>>> print(open('final-v7.csv').read())   # CSV, C-alpha atoms and all ligand atoms
chain,number,residue,atom,x,y,z
Y,257,MET,CA,224.1,324.3,-184.5
Y,258,PRO,CA,225.0,324.5,-180.9
Y,259,ALA,CA,222.2,324.0,-178.5
Y,260,ASP,CA,221.0,327.0,-176.7
Y,261,PRO,CA,219.2,326.2,-173.5
Y,262,GLY,CA,218.3,329.8,-172.9
Y,263,SER,CA,216.7,330.9,-176.1
Y,264,HIS,CA,213.0,330.9,-176.9
Y,265,GLY,CA,212.0,330.1,-180.3
Y,266,ALA,CA,209.0,330.7,-182.6
Y,267,HIS,CA,207.9,327.0,-182.3
Y,268,ALA,CA,207.6,327.0,-178.5
Y,269,ALA,CA,205.1,324.2,-177.6
Y,270,ARG,CA,201.9,325.2,-175.9
Y,271,PRO,CA,200.8,322.7,-173.3
Y,272,ASP,CA,197.3,322.5,-174.9
Y,273,GLU,CA,198.5,322.3,-178.4
Y,274,VAL,CA,197.2,319.5,-180.5
Y,275,PRO,CA,199.6,318.7,-183.4
Y,276,ALA,CA,198.3,319.3,-186.9
Y,277,ALA,CA,199.7,315.9,-188.1
Y,278,ALA,CA,200.6,316.9,-191.7
Y,279,ASN,CA,200.4,313.5,-193.4
Y,280,ALA,CA,198.2,311.2,-191.4
Y,281,PRO,CA,194.9,311.6,-189.7
Y,282,THR,CA,195.1,312.4,-186.0
Y,283,ARG,CA,193.8,309.3,-184.2
Y,284,GLU,CA,191.7,309.6,-181.1
Y,285,SER,CA,192.0,307.1,-178.3
Y,286,ALA,CA,189.1,305.4,-176.7
Y,287,ALA,CA,189.0,308.2,-174.1
Y,288,GLY,CA,188.6,310.6,-177.0
Y,289,ARG,CA,192.0,312.2,-176.4
Y,290,VAL,CA,194.9,312.4,-178.8
Y,291,PRO,CA,198.2,310.7,-178.0
Y,292,GLN,CA,200.0,314.0,-177.5
Y,293,ARG,CA,197.6,314.9,-174.7
Y,294,LEU,CA,197.8,311.4,-173.2
Y,295,ALA,CA,201.6,311.5,-173.2
Y,296,GLN,CA,201.7,315.0,-171.7
Y,297,ALA,CA,199.0,314.2,-169.1
Y,298,ALA,CA,201.0,311.1,-168.0
Y,299,LEU,CA,204.1,313.2,-167.5
Y,300,LYS,CA,202.5,316.3,-166.1
Y,301,ASP,CA,202.8,315.7,-162.4
Y,302,LEU,CA,206.1,314.0,-162.3
Y,303,PRO,CA,208.9,315.6,-160.4
Y,304,TRP,CA,211.6,317.1,-162.6
Y,305,GLU,CA,214.2,314.7,-161.2
Y,306,VAL,CA,216.9,312.6,-162.8
Y,307,GLY,CA,215.9,308.9,-162.9
Y,308,VAL,CA,212.2,309.7,-162.1
Y,309,ALA,CA,209.9,306.7,-162.6
Y,310,LYS,CA,207.5,307.1,-165.5
Y,311,PRO,CA,203.8,305.8,-165.3
Y,312,ASP,CA,204.2,303.5,-168.3
Y,313,PRO,CA,207.9,303.1,-169.3
Y,314,ALA,CA,208.7,301.5,-172.7
Y,315,ILE,CA,212.4,301.6,-172.1
Y,316,VAL,CA,214.2,301.2,-168.8
Y,317,VAL,CA,218.0,301.7,-168.5
Y,318,ASP,CA,219.9,300.7,-165.4
Y,319,LYS,CA,223.5,301.4,-164.5
Y,320,VAL,CA,224.8,301.4,-168.1
Y,321,THR,CA,228.4,302.5,-168.6
Y,322,ARG,CA,230.5,302.6,-171.7
Y,323,THR,CA,234.2,303.6,-171.7
Y,324,PHE,CA,236.6,304.2,-174.5
Y,325,GLY,CA,240.1,303.9,-173.1
Y,326,GLY,CA,240.2,306.3,-170.1
Y,327,LEU,CA,237.1,308.1,-171.3
Y,328,THR,CA,233.6,307.4,-169.8
Y,329,ALA,CA,231.3,308.1,-172.7
Y,330,VAL,CA,228.1,306.9,-171.0
Y,331,SER,CA,227.4,306.5,-167.3
Y,332,VAL,CA,223.6,306.4,-166.9
Y,333,ASP,CA,222.4,305.3,-163.5
Y,334,HIS,CA,218.6,305.0,-164.2
Y,335,LEU,CA,216.4,306.2,-167.1
Y,336,GLU,CA,212.8,305.5,-168.0
Y,337,VAL,CA,211.3,306.5,-171.3
Y,338,GLN,CA,207.5,307.0,-171.3
Y,339,ARG,CA,205.6,304.9,-173.9
Y,340,GLY,CA,203.8,306.8,-176.6
Y,341,GLY,CA,205.6,310.1,-175.9
Y,342,ILE,CA,208.3,312.0,-177.7
Y,343,THR,CA,211.4,312.3,-175.6
Y,344,GLY,CA,214.2,314.7,-176.6
Y,345,LEU,CA,217.8,313.8,-175.7
Y,346,ILE,CA,220.0,316.8,-175.6
Y,347,GLY,CA,223.4,317.8,-174.4
Y,348,PRO,CA,226.6,319.4,-175.5
Y,349,ASN,CA,228.9,317.8,-178.1
Y,350,GLY,CA,230.5,314.7,-176.7
Y,351,ALA,CA,227.9,314.3,-174.0
Y,352,GLY,CA,227.3,310.6,-174.9
Y,353,LYS,CA,224.0,310.8,-176.7
Y,354,THR,CA,225.0,308.9,-179.8
Y,355,THR,CA,226.8,306.3,-177.8
Y,356,LEU,CA,223.7,305.8,-175.7
Y,357,PHE,CA,221.6,305.4,-178.9
Y,358,ASN,CA,224.1,302.8,-180.1
Y,359,LEU,CA,223.9,300.9,-176.9
Y,360,LEU,CA,220.1,300.8,-176.7
Y,361,THR,CA,219.8,299.6,-180.3
Y,362,GLY,CA,222.5,296.9,-180.1
Y,363,PHE,CA,225.1,298.7,-182.3
Y,364,ASP,CA,227.4,298.8,-179.3
Y,365,GLN,CA,227.7,296.9,-176.0
Y,366,PRO,CA,228.3,298.5,-172.6
Y,367,ASN,CA,230.8,297.7,-170.0
Y,368,THR,CA,228.1,297.3,-167.4
Y,369,GLY,CA,224.4,297.7,-167.0
Y,370,THR,CA,221.1,296.5,-168.2
Y,371,TRP,CA,218.3,297.9,-170.4
Y,372,SER,CA,215.0,296.6,-171.4
Y,373,PHE,CA,212.1,297.3,-173.8
Y,374,ASP,CA,208.6,296.3,-172.6
Y,375,GLY,CA,210.3,294.5,-169.7
Y,376,ARG,CA,212.4,292.4,-172.0
Y,377,ASP,CA,216.1,292.5,-171.5
Y,378,LEU,CA,217.9,293.9,-174.6
Y,379,GLY,CA,221.4,293.3,-173.4
Y,380,ARG,CA,223.7,291.4,-175.8
Y,381,LEU,CA,221.2,291.4,-178.6
Y,382,SER,CA,222.4,292.3,-182.1
Y,383,PRO,CA,220.9,295.4,-183.9
Y,384,HIS,CA,218.6,293.3,-186.0
Y,385,GLN,CA,217.4,291.3,-183.0
Y,386,VAL,CA,216.6,294.6,-181.2
Y,387,ALA,CA,214.9,295.8,-184.4
Y,388,ARG,CA,212.8,292.7,-184.6
Y,389,LEU,CA,211.6,293.4,-181.0
Y,390,GLY,CA,210.5,296.8,-182.3
Y,391,VAL,CA,213.3,299.2,-181.4
Y,392,VAL,CA,215.1,301.0,-184.4
Y,393,ARG,CA,217.2,304.0,-184.9
Y,394,THR,CA,218.0,306.2,-187.9
Y,395,PHE,CA,221.4,306.7,-189.3
Y,396,GLN,CA,222.8,309.6,-191.1
Y,397,LEU,CA,223.1,308.9,-194.8
Y,398,THR,CA,226.7,307.9,-195.2
Y,399,LYS,CA,228.8,308.2,-198.4
Y,400,ALA,CA,228.3,304.5,-199.2
Y,401,LEU,CA,224.5,304.8,-198.9
Y,402,SER,CA,224.6,308.0,-201.0
Y,403,ARG,CA,225.7,305.9,-204.0
Y,404,LEU,CA,222.5,303.7,-203.8
Y,405,THR,CA,219.1,304.8,-205.1
Y,406,VAL,CA,216.4,305.9,-202.7
Y,407,LEU,CA,214.5,302.6,-203.2
Y,408,GLN,CA,217.7,300.5,-202.6
Y,409,ASN,CA,218.2,302.4,-199.4
Y,410,MET,CA,214.8,301.5,-198.3
Y,411,LEU,CA,215.2,297.8,-199.1
Y,412,LEU,CA,218.6,297.8,-197.3
Y,413,GLY,CA,216.8,299.3,-194.3
Y,414,ALA,CA,214.5,296.3,-194.3
Y,415,GLN,CA,217.4,294.0,-194.5
Y,416,GLY,CA,219.5,295.7,-191.8
Y,417,GLN,CA,216.6,296.1,-189.4
Y,418,ARG,CA,214.9,292.8,-190.0
Y,419,GLY,CA,218.0,290.8,-190.2
Y,420,GLU,CA,217.1,289.0,-193.5
Y,421,SER,CA,219.8,286.5,-194.0
Y,422,PHE,CA,221.7,285.0,-196.9
Y,423,LEU,CA,220.2,281.6,-196.1
Y,424,ARG,CA,216.7,283.0,-196.5
Y,425,ALA,CA,217.7,284.2,-199.9
Y,426,LEU,CA,218.3,280.5,-200.8
Y,427,VAL,CA,214.8,279.4,-200.0
Y,428,PRO,CA,213.1,279.0,-203.4
Y,429,GLY,CA,210.4,281.6,-203.8
Y,430,GLY,CA,210.8,282.9,-200.3
Y,431,TRP,CA,213.2,285.6,-201.2
Y,432,ARG,CA,211.1,286.9,-204.1
Y,433,ALA,CA,207.9,287.0,-202.0
Y,434,GLN,CA,209.8,288.8,-199.3
Y,435,GLU,CA,211.3,291.2,-201.8
Y,436,LYS,CA,208.0,292.0,-203.3
Y,437,GLU,CA,206.5,292.7,-199.9
Y,438,ASN,CA,209.5,294.9,-198.9
Y,439,THR,CA,209.2,296.8,-202.2
Y,440,GLU,CA,205.5,297.4,-201.7
Y,441,ARG,CA,206.1,298.6,-198.1
Y,442,ALA,CA,209.0,300.8,-199.3
Y,443,MET,CA,206.8,302.5,-201.9
Y,444,ASP,CA,204.0,303.1,-199.4
Y,445,LEU,CA,206.4,304.8,-197.1
Y,446,LEU,CA,208.1,306.7,-199.9
Y,447,ARG,CA,204.6,308.0,-201.0
Y,448,ARG,CA,203.9,309.0,-197.4
Y,449,PHE,CA,207.2,310.9,-197.2
Y,450,LYS,CA,206.7,312.4,-200.7
Y,451,LEU,CA,209.8,310.7,-202.0
Y,452,ASP,CA,208.2,308.2,-204.4
Y,453,ALA,CA,209.0,310.3,-207.5
Y,454,LYS,CA,212.6,310.0,-206.4
Y,455,LYS,CA,212.8,306.3,-205.9
Y,456,ASP,CA,215.3,305.8,-208.7
Y,457,ASP,CA,217.5,308.8,-207.9
Y,458,PHE,CA,220.7,308.4,-206.1
Y,459,ALA,CA,220.3,309.2,-202.4
Y,460,GLY,CA,223.4,311.4,-202.6
Y,461,ILE,CA,221.6,314.0,-204.8
Y,462,LEU,CA,218.7,314.5,-202.3
Y,463,SER,CA,218.5,317.8,-200.4
Y,464,GLY,CA,219.3,317.8,-196.7
Y,465,GLY,CA,215.7,317.6,-195.8
Y,466,GLN,CA,214.9,314.9,-198.2
Y,467,ARG,CA,217.8,312.8,-196.8
Y,468,LYS,CA,216.2,313.2,-193.3
Y,469,LEU,CA,212.9,312.0,-194.7
Y,470,LEU,CA,214.6,309.0,-196.3
Y,471,GLU,CA,216.4,308.2,-193.0
Y,472,MET,CA,213.1,308.3,-191.2
Y,473,ALA,CA,211.3,306.3,-193.9
Y,474,ARG,CA,214.0,303.7,-193.9
Y,475,ALA,CA,213.7,303.2,-190.1
Y,476,LEU,CA,210.0,302.6,-190.5
Y,477,MET,CA,210.6,299.6,-192.8
Y,478,SER,CA,210.5,297.2,-189.9
Y,479,ASP,CA,207.2,298.6,-188.4
Y,480,PRO,CA,208.9,299.6,-185.1
Y,481,LYS,CA,207.4,300.4,-181.8
Y,482,VAL,CA,210.2,302.6,-180.6
Y,483,VAL,CA,211.9,304.9,-183.1
Y,484,MET,CA,215.2,306.6,-182.2
Y,485,LEU,CA,215.9,309.6,-184.4
Y,486,ASP,CA,219.5,310.9,-184.7
Y,487,GLU,CA,219.4,314.7,-185.3
Y,488,PRO,CA,216.2,314.6,-187.5
Y,489,MET,CA,216.5,318.3,-188.3
Y,490,ALA,CA,220.2,318.7,-188.9
Y,491,GLY,CA,220.9,320.3,-192.3
Y,492,VAL,CA,217.2,320.8,-193.1
Y,493,ASN,CA,216.1,324.1,-194.7
Y,494,PRO,CA,213.3,326.0,-193.1
Y,495,ALA,CA,210.8,325.1,-195.9
Y,496,LEU,CA,211.0,321.4,-195.0
Y,497,THR,CA,211.3,321.8,-191.2
Y,498,GLN,CA,207.6,321.9,-190.6
Y,499,SER,CA,206.9,318.9,-192.8
Y,500,LEU,CA,209.6,316.9,-190.9
Y,501,LEU,CA,208.3,318.0,-187.5
Y,502,GLY,CA,204.8,316.9,-188.7
Y,503,HIS,CA,206.2,313.5,-189.6
Y,504,VAL,CA,207.8,313.1,-186.2
Y,505,LYS,CA,204.5,314.0,-184.5
Y,506,ASP,CA,202.7,311.5,-186.7
Y,507,LEU,CA,204.9,308.7,-185.3
Y,508,ARG,CA,203.5,309.5,-181.9
Y,509,GLU,CA,199.9,309.8,-183.3
Y,510,GLU,CA,200.4,306.2,-184.6
Y,511,GLY,CA,201.3,305.0,-181.1
Y,512,MET,CA,205.0,304.9,-181.4
Y,513,THR,CA,207.5,305.9,-178.7
Y,514,VAL,CA,209.9,308.4,-180.1
Y,515,ILE,CA,213.4,309.3,-178.7
Y,516,PHE,CA,215.4,311.9,-180.6
Y,517,VAL,CA,218.7,313.6,-180.4
Y,518,GLU,CA,218.6,317.2,-181.5
Y,519,HIS,CA,220.7,320.3,-181.0
Y,520,ASP,CA,218.1,322.8,-182.1
Y,521,MET,CA,216.3,323.9,-179.0
Y,522,ASP,CA,213.3,325.3,-180.9
Y,523,VAL,CA,212.7,321.9,-182.3
Y,524,VAL,CA,213.2,320.3,-178.9
Y,525,ARG,CA,210.6,322.6,-177.4
Y,526,ASP,CA,208.2,322.2,-180.2
Y,527,ILE,CA,208.0,318.4,-180.3
Y,528,SER,CA,209.1,317.0,-177.0
Y,529,ASP,CA,206.8,315.8,-174.2
Y,530,TRP,CA,209.8,315.2,-172.0
Y,531,VAL,CA,213.5,316.2,-172.3
Y,532,VAL,CA,216.5,314.3,-171.0
Y,533,VAL,CA,219.8,316.2,-170.7
Y,534,MET,CA,223.2,314.5,-170.8
Y,535,ALA,CA,226.6,316.0,-170.1
Y,536,ALA,CA,229.9,314.1,-169.8
Y,537,GLY,CA,228.1,310.7,-170.1
Y,538,LYS,CA,225.7,311.3,-167.3
Y,539,ILE,CA,222.1,312.4,-167.2
Y,540,ILE,CA,222.1,315.8,-165.5
Y,541,ALA,CA,218.4,316.8,-165.8
Y,542,GLU,CA,215.0,315.5,-166.9
Y,543,GLY,CA,211.7,317.3,-167.2
Y,544,PRO,CA,209.2,318.8,-169.6
Y,545,PRO,CA,210.7,321.2,-172.2
Y,546,GLU,CA,209.8,324.3,-170.2
Y,547,SER,CA,211.8,323.0,-167.2
Y,548,ILE,CA,215.1,322.8,-169.0
Y,549,SER,CA,216.2,326.3,-169.8
Y,550,GLN,CA,216.0,327.4,-166.2
Y,551,ASN,CA,218.0,324.4,-164.9
Y,552,LYS,CA,221.3,325.6,-163.6
Y,553,ALA,CA,223.1,322.3,-164.2
Y,554,VAL,CA,222.0,322.4,-167.8
Y,555,VAL,CA,223.1,326.0,-168.4
Y,556,ASP,CA,226.5,325.3,-166.7
Y,557,ALA,CA,227.0,322.2,-168.8
Y,558,TYR,CA,226.4,324.1,-172.0
Y,559,LEU,CA,228.5,327.1,-171.0
Y,560,GLY,CA,231.3,324.7,-169.9
Y,561,ALA,CA,231.1,323.0,-173.2
Y,562,HIS,CA,231.5,326.2,-175.1
Y,563,HIS,CA,234.2,328.0,-173.2
Y,564,ASP,CA,237.1,329.5,-175.2
Y,565,ALA,CA,239.9,328.5,-172.9
Y,566,PRO,CA,242.8,326.6,-174.5
Y,567,LEU,CA,242.4,322.8,-174.5
Y,568,THR,CA,244.0,320.8,-171.7
Y,569,VAL,CA,246.4,318.0,-172.8
Y,570,GLU,CA,243.6,315.4,-172.2
Y,571,GLU,CA,241.1,317.4,-174.2
Y,572,GLU,CA,243.6,317.8,-177.0
Y,573,ASP,CA,244.2,314.0,-177.0
Y,574,ARG,CA,240.4,313.4,-177.1
Y,575,VAL,CA,239.9,315.8,-180.0
Y,576,LEU,CA,242.7,314.2,-181.9
Y,577,ALA,CA,241.3,310.7,-181.2
Y,578,GLU,CA,237.9,311.8,-182.4
Y,579,ALA,CA,239.4,313.2,-185.6
Y,580,GLU,CA,241.3,309.9,-186.2
Y,581,ALA,CA,238.1,307.9,-185.5
Y,582,GLU,CA,236.3,310.1,-188.0
Y,583,VAL,CA,238.9,309.5,-190.7
Y,584,ALA,CA,238.9,305.7,-190.0
Y,585,ARG,CA,235.1,305.7,-190.3
Y,586,GLU,CA,235.4,307.4,-193.7
Y,587,LEU,CA,237.9,304.8,-194.8
Y,588,HIS,CA,235.6,302.0,-193.8
Y,589,GLY,CA,232.8,303.4,-195.9
Y,590,GLY,CA,231.2,305.2,-193.1
Y,591,GLN,CA,229.1,302.2,-192.1
Y,592,PRO,CA,227.7,302.1,-188.6
Y,593,GLY,CA,229.6,299.8,-186.2
Y,594,THR,CA,233.0,300.2,-187.9
Y,595,ASP,CA,234.4,302.5,-185.3
Y,596,VAL,CA,238.0,301.5,-184.7
Y,597,ILE,CA,238.8,303.0,-181.4
Y,598,SER,CA,237.1,300.7,-179.0
Y,599,ASP,CA,238.3,298.8,-176.0
Y,600,GLY,CA,235.0,298.0,-174.4
Y,601,PRO,CA,233.7,294.4,-174.0
Y,602,GLY,CA,231.6,294.4,-177.1
Y,603,GLY,CA,233.4,297.1,-179.1
Y,604,ARG,CA,233.3,296.8,-182.8
Y,605,ARG,CA,236.6,296.9,-184.7
Y,701,LIG,N1,234.3,304.6,-181.1
Y,701,LIG,C1,234.8,305.5,-180.2
Y,701,LIG,N2,236.1,305.5,-179.9
Y,701,LIG,C2,236.5,306.4,-179.0
Y,701,LIG,N3,235.8,307.4,-178.4
Y,701,LIG,C3,234.5,307.4,-178.8
Y,701,LIG,C4,233.9,306.5,-179.7
Y,701,LIG,N4,232.6,306.8,-179.8
Y,701,LIG,C5,232.4,307.9,-179.0
Y,701,LIG,N5,233.5,308.3,-178.4
Y,701,LIG,C6,233.7,309.4,-177.4
Y,701,LIG,O1,232.7,309.3,-176.5
Y,701,LIG,C7,232.2,310.6,-176.1
Y,701,LIG,C8,230.7,310.7,-176.4
Y,701,LIG,O2,230.5,310.7,-177.8
Y,701,LIG,P1,229.1,310.7,-178.4
Y,701,LIG,O3,229.3,310.8,-179.9
Y,701,LIG,O4,228.2,309.7,-177.9
Y,701,LIG,O5,228.6,312.2,-178.0
Y,701,LIG,P2,227.3,313.0,-178.5
Y,701,LIG,O6,226.7,313.5,-177.3
Y,701,LIG,O7,226.5,312.2,-179.4
Y,701,LIG,O8,228.1,314.2,-179.3
Y,701,LIG,P3,227.6,315.0,-180.6
Y,701,LIG,O9,226.5,315.9,-180.1
Y,701,LIG,O10,228.8,315.8,-180.9
Y,701,LIG,O11,227.3,314.0,-181.6
Y,701,LIG,C9,233.0,311.6,-177.0
Y,701,LIG,O12,234.1,312.1,-176.2
Y,701,LIG,C10,233.5,310.7,-178.1
Y,701,LIG,O13,234.8,311.2,-178.5
>>> encode(input="final-v7.csv", output="structure tokens")
Amino acid sequence: MPADPGSHGAHAARPDEVPAAANAPTRESAAGRVPQRLAQAALKDLPWEVGVAKPDPAIVVDKVTRTFGGLTAVSVDHLEVQRGGITGLIGPNGAGKTTLFNLLTGFDQPNTGTWSFDGRDLGRLSPHQVARLGVVRTFQLTKALSRLTVLQNMLLGAQGQRGESFLRALVPGGWRAQEKENTERAMDLLRRFKLDAKKDDFAGILSGGQRKLLEMARALMSDPKVVMLDEPMAGVNPALTQSLLGHVKDLREEGMTVIFVEHDMDVVRDISDWVVVMAAGKIIAEGPPESISQNKAVVDAYLGAHHDAPLTVEEEDRVLAEAEAEVARELHGGQPGTDVISDGPGGRR
């Protein structure tokens, strides 16, 4: 669903709203304030400026660029993500959101730039090294993963995120102990996300909402500190939307830093403490949710992205290249990191 920076939805966040965390008790901090209030208080007086310094940044991005051929997919000068808050990353199609996610989590490497988590440089680390430091992302359930059971998906999540190796499997007893621990953790998470009864079902037969729950549960297998959610509400029917939103808010209540990409502006308004807007690879606006719909650069970017004029030759080439990449991804089983069009320094082929 196309983002609509101008609409006002039924779930609009109230500044004083305390989330009814659906599946976990709301934890109070020492100061007696819930994490949502702490995050919002920390961000309250900041200027609504691109690149603005945050009081306690978990992630800091500096001069990160990523090009594909002649196209600059990401060109972020400076971005700080506040610890313990929920940051929404929005922007029209092709803005560079997914590419930025891939860069921050080690699934792609930039042409230039640095980024860090808790002051630690994440450049050149592999996805499982990044995950071991506590930064993980969700992936949409691909065709290949759909053919595995729900529990197998969870265990694969542990493997992919923690970087369990073949060598480890050869250590006598070590593998079995690890597998038992992983299975217990997987079942705990499946219970929390109400998917335990489905553990032996193929992931492919889950509803859209249940898939999203599984993607989130799988990302939590490595006990992360920063969770990056890729369109957590896409394809979810309204009955499950509130439950999913509750789960995202729970992550913040548990002290995690959440960054999510989402096209649905009602969802963005409901759960974000802060919103970052990208267009054509750059960050064009930052601020609390209420600041975004009035921002002229944001409105222009969305209107520009949805114009009906015929495509230019360059745009047509880009659309064709995207379609080809999509087909190639399908042929490679849809696994992350198998994109074929990639001429950057660390591009995966
Ligand atoms: N592997 C790749 N090879 C070539 N071009 C790519 C590749 N990955 C991304 N791009 C291009 O980079 C630009 C940014 O894409 P990206 O998927 O990051 O945007 P997005 O904001 O996530 O879009 P959407 O909301 O549609 O998912 C697009 O023009 C896309 O075609």
>>> atom_distance(input="final-v7.csv", atom1="CA of Thr394 in chain Y", atom2="CA of Val330 in chain Y")
19.7 Å
>>> atom_distance(input="final-v7.csv", atom1="CA of Arg508 in chain Y", atom2="CA of Ala295 in chain Y")
9.1 Å
>>> closest_residue(input="final-v7.csv", among="Y:Gln466, Y:Ala584, Y:Asp318, Y:Glu437", to="Ala495 in chain Y", atoms="only C-alpha atoms")
Y:Gln466
>>> residues_around(input="final-v7.csv", residues="range 534-548 of chain Y", least_positions_apart="5", cutoff="8 Å", atoms="only C-alpha atoms", output="ChimeraX atom specification")
/Y:261,299-300,303-307,328-333,345-348,350-353,524-525,528-529,553-554,557
>>> closest_residue(input="final-v7.csv", among="Y:Leu559, Y:Val569, Y:Met512, Y:Leu401", to="Gln292 in chain Y", atoms="only C-alpha atoms")
Y:Met512
>>> residues_around(input="final-v7.csv", residues="Gly413 in chain Y", least_positions_apart="3", cutoff="12 Å", atoms="all atoms listed in the file", output="PyMOL selection string")
chain Y and resi 383-384+387+392-395+397+401+404+406-410+416-420+438-439+441-442+470-479
>>> residues_around(input="final-v7.csv", residues="Ser499 in chain Y", least_positions_apart="2", cutoff="10 Å", atoms="all atoms listed in the file", output="mmCIF file with C-alpha atoms, keeping the file's coordinate frame")
data_model
loop_
_atom_site.group_PDB
_atom_site.id
_atom_site.type_symbol
_atom_site.label_atom_id
_atom_site.label_comp_id
_atom_site.auth_asym_id
_atom_site.auth_seq_id
_atom_site.Cartn_x
_atom_site.Cartn_y
_atom_site.Cartn_z
ATOM 1 C CA ALA Y 277 199.700 315.900 -188.100
ATOM 2 C CA ALA Y 278 200.600 316.900 -191.700
ATOM 3 C CA ASN Y 279 200.400 313.500 -193.400
ATOM 4 C CA PHE Y 449 207.200 310.900 -197.200
ATOM 5 C CA GLY Y 465 215.700 317.600 -195.800
ATOM 6 C CA LEU Y 469 212.900 312.000 -194.700
ATOM 7 C CA PRO Y 494 213.300 326.000 -193.100
ATOM 8 C CA ALA Y 495 210.800 325.100 -195.900
ATOM 9 C CA LEU Y 496 211.000 321.400 -195.000
ATOM 10 C CA THR Y 497 211.300 321.800 -191.200
ATOM 11 C CA LEU Y 501 208.300 318.000 -187.500
ATOM 12 C CA GLY Y 502 204.800 316.900 -188.700
ATOM 13 C CA HIS Y 503 206.200 313.500 -189.600
ATOM 14 C CA VAL Y 504 207.800 313.100 -186.200
ATOM 15 C CA LYS Y 505 204.500 314.000 -184.500
#
>>> closest_residue(input="final-v7.csv", among="Y:Asp452, Y:Asp364, Y:Glu336, Y:Asp506", to="ligand LIG 701 (chain Y)", atoms="all atoms listed in the file")
Y:Asp364
>>> atom_distance(input="final-v7.csv", atom1="atom N4 of ligand LIG 701 (chain Y)", atom2="CA of Leu507 in chain Y")
28.3 Å
>>> closest_residue(input="final-v7.csv", among="Y:Asp377, Y:Glu580, Y:Glu440, Y:Asp301", to="ligand LIG 701 (chain Y)", atoms="all atoms listed in the file")
Y:Glu580
>>> closest_residue(input="final-v7.csv", among="Y:Leu451, Y:Glu570, Y:Thr398, Y:Glu435", to="ligand LIG 701 (chain Y)", atoms="all atoms listed in the file")
Y:Glu570
>>> closest_residue(input="final-v7.csv", among="Y:Asp444, Y:Tyr558, Y:Gln396, Y:Lys455", to="Gly491 in chain Y", atoms="all atoms listed in the file")
Y:Gln396
>>> residues_around(input="final-v7.csv", residues="Leu302 in chain Y", least_positions_apart="5", cutoff="10 Å", atoms="only C-alpha atoms", output="ChimeraX atom specification")
/Y:297,308-311,543-544
>>> axis_aligned_box(input="final-v7.csv", around="range 391-397 of chain Y", padding_each_side="8 Å", output="lines of an AutoDock Vina configuration file")
center_x = 218.2
center_y = 304.4
center_z = -188.1
size_x = 25.8
size_y = 26.4
size_z = 29.4
